[in-house]
$ cat final.cif   # mmCIF, C-alpha atoms
data_model
#
loop_
_atom_site.group_PDB
_atom_site.id
_atom_site.type_symbol
_atom_site.label_atom_id
_atom_site.label_comp_id
_atom_site.auth_asym_id
_atom_site.auth_seq_id
_atom_site.Cartn_x
_atom_site.Cartn_y
_atom_site.Cartn_z
ATOM 1 C CA MET A 1 0.000 0.000 0.000
ATOM 2 C CA LYS A 2 1.438 3.384 -1.029
ATOM 3 C CA GLN A 3 1.226 6.380 1.289
ATOM 4 C CA LYS A 4 0.053 9.619 -0.210
ATOM 5 C CA ASN A 5 2.134 12.754 0.528
ATOM 6 C CA GLN A 6 0.321 14.716 3.181
ATOM 7 C CA GLY A 7 1.800 18.169 2.585
ATOM 8 C CA PHE A 8 0.180 21.382 1.409
ATOM 9 C CA THR A 9 -0.011 22.215 -2.256
ATOM 10 C CA LEU A 10 1.334 25.461 -3.610
ATOM 11 C CA ILE A 11 -2.228 26.669 -4.262
ATOM 12 C CA GLU A 12 -3.242 26.050 -0.622
ATOM 13 C CA VAL A 13 -0.205 27.929 0.667
ATOM 14 C CA MET A 14 -0.889 30.837 -1.728
ATOM 15 C CA VAL A 15 -4.527 31.055 -0.565
ATOM 16 C CA VAL A 16 -3.406 31.245 3.082
ATOM 17 C CA VAL A 17 -0.815 33.937 2.244
ATOM 18 C CA VAL A 18 -3.438 36.004 0.393
ATOM 19 C CA ILE A 19 -5.904 35.713 3.304
ATOM 20 C CA LEU A 20 -3.232 36.745 5.812
ATOM 21 C CA SER A 21 -2.243 39.693 3.602
ATOM 22 C CA ILE A 22 -5.853 40.891 3.424
ATOM 23 C CA LEU A 23 -6.242 40.604 7.201
ATOM 24 C CA ALA A 24 -2.955 42.452 7.787
ATOM 25 C CA SER A 25 -3.975 45.273 5.445
ATOM 26 C CA ILE A 26 -7.165 45.745 7.470
ATOM 27 C CA ILE A 27 -5.725 45.362 10.984
ATOM 28 C CA VAL A 28 -2.292 47.042 10.780
ATOM 29 C CA PRO A 29 -3.566 50.579 10.048
ATOM 30 C CA LYS A 30 -5.938 50.347 13.020
ATOM 31 C CA VAL A 31 -3.181 49.111 15.335
ATOM 32 C CA MET A 32 -0.736 51.774 14.165
ATOM 33 C CA ASP A 33 -3.133 54.512 15.328
ATOM 34 C CA ARG A 34 -3.208 53.083 18.860
ATOM 35 C CA PRO A 35 0.140 54.108 20.434
ATOM 36 C CA ASP A 36 -1.317 57.366 21.752
ATOM 37 C CA THR A 37 -4.263 55.524 23.275
ATOM 38 C CA ALA A 38 -1.910 52.986 24.842
ATOM 39 C CA ARG A 39 0.171 55.790 26.382
ATOM 40 C CA MET A 40 -2.960 57.407 27.833
ATOM 41 C CA VAL A 41 -4.097 54.094 29.342
ATOM 42 C CA LYS A 42 -0.624 53.524 30.819
ATOM 43 C CA ALA A 43 -0.656 57.001 32.368
ATOM 44 C CA LYS A 44 -4.050 56.302 33.985
ATOM 45 C CA THR A 45 -2.790 52.965 35.308
ATOM 46 C CA ASP A 46 0.387 54.542 36.696
ATOM 47 C CA ILE A 47 -1.631 57.294 38.383
ATOM 48 C CA ARG A 48 -3.904 54.717 40.044
ATOM 49 C CA ALA A 49 -0.824 52.847 41.323
ATOM 50 C CA ILE A 50 0.702 56.067 42.684
ATOM 51 C CA GLU A 51 -2.621 56.963 44.291
ATOM 52 C CA SER A 52 -2.709 53.550 46.003
ATOM 53 C CA ALA A 53 0.830 54.095 47.308
ATOM 54 C CA LEU A 54 -0.207 57.535 48.579
ATOM 55 C CA ASN A 55 -3.153 55.977 50.420
ATOM 56 C CA LEU A 56 -0.794 53.486 52.097
ATOM 57 C CA TYR A 57 1.477 56.378 53.056
ATOM 58 C CA LYS A 58 -1.511 58.163 54.582
ATOM 59 C CA LEU A 59 -2.416 55.066 56.624
ATOM 60 C CA ASP A 60 1.050 55.094 58.194
ATOM 61 C CA HIS A 61 1.528 58.867 58.574
ATOM 62 C CA PHE A 62 -2.104 60.076 58.945
ATOM 63 C CA ASN A 63 -1.731 62.522 56.057
ATOM 64 C CA TYR A 64 -0.425 62.684 52.509
ATOM 65 C CA PRO A 65 3.097 63.935 51.776
ATOM 66 C CA THR A 66 3.256 67.674 51.246
ATOM 67 C CA THR A 67 3.749 69.107 47.780
ATOM 68 C CA GLU A 68 7.320 69.934 48.799
ATOM 69 C CA GLU A 69 8.010 66.336 49.885
ATOM 70 C CA GLY A 70 6.481 65.211 46.610
ATOM 71 C CA LEU A 71 6.114 61.706 45.294
ATOM 72 C CA GLU A 72 9.726 60.986 46.279
ATOM 73 C CA ALA A 73 8.398 60.470 49.830
ATOM 74 C CA LEU A 74 6.872 57.206 48.587
ATOM 75 C CA SER A 75 10.137 55.635 47.481
ATOM 76 C CA PRO A 76 11.228 52.929 48.253
ATOM 77 C CA LYS A 77 8.820 51.826 51.003
ATOM 78 C CA TYR A 78 5.511 52.480 49.235
ATOM 79 C CA ILE A 79 6.530 52.328 45.610
ATOM 80 C CA GLU A 80 9.702 50.587 44.461
ATOM 81 C CA HIS A 81 10.534 52.800 41.517
ATOM 82 C CA LEU A 82 8.842 56.051 40.577
ATOM 83 C CA SER A 83 8.811 56.135 36.796
ATOM 84 C CA ASN A 84 8.107 58.986 34.423
ATOM 85 C CA ASP A 85 4.897 59.283 32.460
ATOM 86 C CA PRO A 86 4.730 57.604 29.015
ATOM 87 C CA TRP A 87 5.989 60.831 27.402
ATOM 88 C CA GLY A 88 9.123 60.925 29.572
ATOM 89 C CA ASN A 89 8.023 63.618 32.040
ATOM 90 C CA PRO A 90 7.747 63.136 35.813
ATOM 91 C CA TYR A 91 4.278 62.720 37.279
ATOM 92 C CA LEU A 92 3.109 65.851 39.081
ATOM 93 C CA TYR A 93 1.722 66.002 42.621
ATOM 94 C CA LEU A 94 -0.159 68.589 44.668
ATOM 95 C CA SER A 95 -1.235 68.283 48.304
ATOM 96 C CA PRO A 96 -3.712 69.702 48.983
ATOM 97 C CA GLY A 97 -4.908 69.272 45.442
ATOM 98 C CA LEU A 98 -7.181 71.379 43.304
ATOM 99 C CA HIS A 99 -9.552 68.438 42.737
ATOM 100 C CA GLY A 100 -9.350 66.687 46.117
ATOM 101 C CA GLU A 101 -7.067 66.018 49.073
ATOM 102 C CA MET A 102 -4.240 65.369 46.641
ATOM 103 C CA ASP A 103 -3.766 65.438 42.893
ATOM 104 C CA VAL A 104 -1.514 63.128 40.894
ATOM 105 C CA TYR A 105 -1.397 63.998 37.217
ATOM 106 C CA THR A 106 0.474 64.323 33.953
ATOM 107 C CA LEU A 107 0.172 67.112 31.417
ATOM 108 C CA GLY A 108 0.009 64.715 28.466
ATOM 109 C CA ALA A 109 2.148 64.533 25.350
ATOM 110 C CA ASP A 110 2.653 68.285 24.940
ATOM 111 C CA GLY A 111 3.665 68.886 28.585
ATOM 112 C CA LEU A 112 1.337 71.915 28.782
ATOM 113 C CA GLN A 113 -1.788 72.424 30.867
ATOM 114 C CA GLY A 114 -5.064 71.722 29.109
ATOM 115 C CA GLY A 115 -5.271 70.198 25.684
ATOM 116 C CA THR A 116 -7.287 67.444 24.088
ATOM 117 C CA ASP A 117 -6.722 63.847 23.078
ATOM 118 C CA LYS A 118 -3.064 62.861 23.617
ATOM 119 C CA ASN A 119 -2.267 66.383 24.885
ATOM 120 C CA ALA A 120 -4.972 66.330 27.574
ATOM 121 C CA ASP A 121 -4.109 66.414 31.264
ATOM 122 C CA ILE A 122 -4.689 63.055 32.946
ATOM 123 C CA GLY A 123 -5.170 62.935 36.689
ATOM 124 C CA ASN A 124 -6.551 60.929 39.582
ATOM 125 C CA TRP A 125 -9.720 63.038 39.425
ATOM 126 C CA ASP A 126 -10.663 61.463 36.061
ATOM 127 C CA ALA A 127 -13.579 59.061 36.465
ATOM 128 C CA ASP A 128 -12.196 56.377 34.102
#
$ encode --input "final.cif" --output "structure tokens"
Amino acid sequence: MKQKNQGFTLIEVMVVVVILSILASIIVPKVMDRPDTARMVKAKTDIRAIESALNLYKLDHFNYPTTEEGLEALSPKYIEHLSNDPWGNPYLYLSPGLHGEMDVYTLGADGLQGGTDKNADIGNWDAD
């Protein structure tokens, strides 16, 4: 009894390549527009983590660090490494804050107050 080759034919491979090319041409442009959104989401996540560390600090010290002490008061006990925002700027901190007991925020991609989209300020007062 002879065994039949069980490989793919050239036509089958070409069909798969064409399908993958069509999918890539649809998906890649959408993914390429997402870096700014990813940076904004990372900034929000970082701010929530810093806010949690500030709350732990408050539990131990009965108040938040002053603006002068800054976020550096959290390191290394409450937060191992204080990183910059996704645009390379340090996160900003006010205590007392303009929006609550304390504000943790970034000025966005342009580094200036205000702005929209990727240039918008992102802070712990944002609902989402």
$ residues_around --input "final.cif" --residues "Pro65 of chain A" --least-positions-apart "5" --cutoff "10 Å" --atoms "all atoms listed in the file" --output "mmCIF file with C-alpha atoms, in the coordinates of the input"
data_model
loop_
_atom_site.group_PDB
_atom_site.id
_atom_site.type_symbol
_atom_site.label_atom_id
_atom_site.label_comp_id
_atom_site.auth_asym_id
_atom_site.auth_seq_id
_atom_site.Cartn_x
_atom_site.Cartn_y
_atom_site.Cartn_z
ATOM 1 C CA LEU A 54 -0.207 57.535 48.579
ATOM 2 C CA TYR A 57 1.477 56.378 53.056
ATOM 3 C CA LYS A 58 -1.511 58.163 54.582
ATOM 4 C CA GLY A 70 6.481 65.211 46.610
ATOM 5 C CA LEU A 71 6.114 61.706 45.294
ATOM 6 C CA GLU A 72 9.726 60.986 46.279
ATOM 7 C CA ALA A 73 8.398 60.470 49.830
ATOM 8 C CA LEU A 74 6.872 57.206 48.587
ATOM 9 C CA TYR A 93 1.722 66.002 42.621
ATOM 10 C CA LEU A 94 -0.159 68.589 44.668
ATOM 11 C CA SER A 95 -1.235 68.283 48.304
ATOM 12 C CA PRO A 96 -3.712 69.702 48.983
ATOM 13 C CA MET A 102 -4.240 65.369 46.641
#
$ residues_around --input "final.cif" --residues "Leu107 of chain A" --least-positions-apart "2" --cutoff "10 Å" --atoms "only C-alpha atoms" --output "ChimeraX atom specification"
/A:85,87,89-92,105,109-115,118-123
$ atom_distance --input "final.cif" --atom1 "atom CA of Val41 of chain A" --atom2 "atom CA of Ser25 of chain A"
25.5 Å
$ closest_residue --input "final.cif" --among "A:Arg34, A:Ser75, A:Met40, A:Phe8" --to "Thr116 of chain A" --atoms "only C-alpha atoms"
A:Met40
$ closest_residue --input "final.cif" --among "A:Asn124, A:Thr45, A:Gln6, A:Ser21" --to "Pro86 of chain A" --atoms "all atoms listed in the file"
A:Thr45
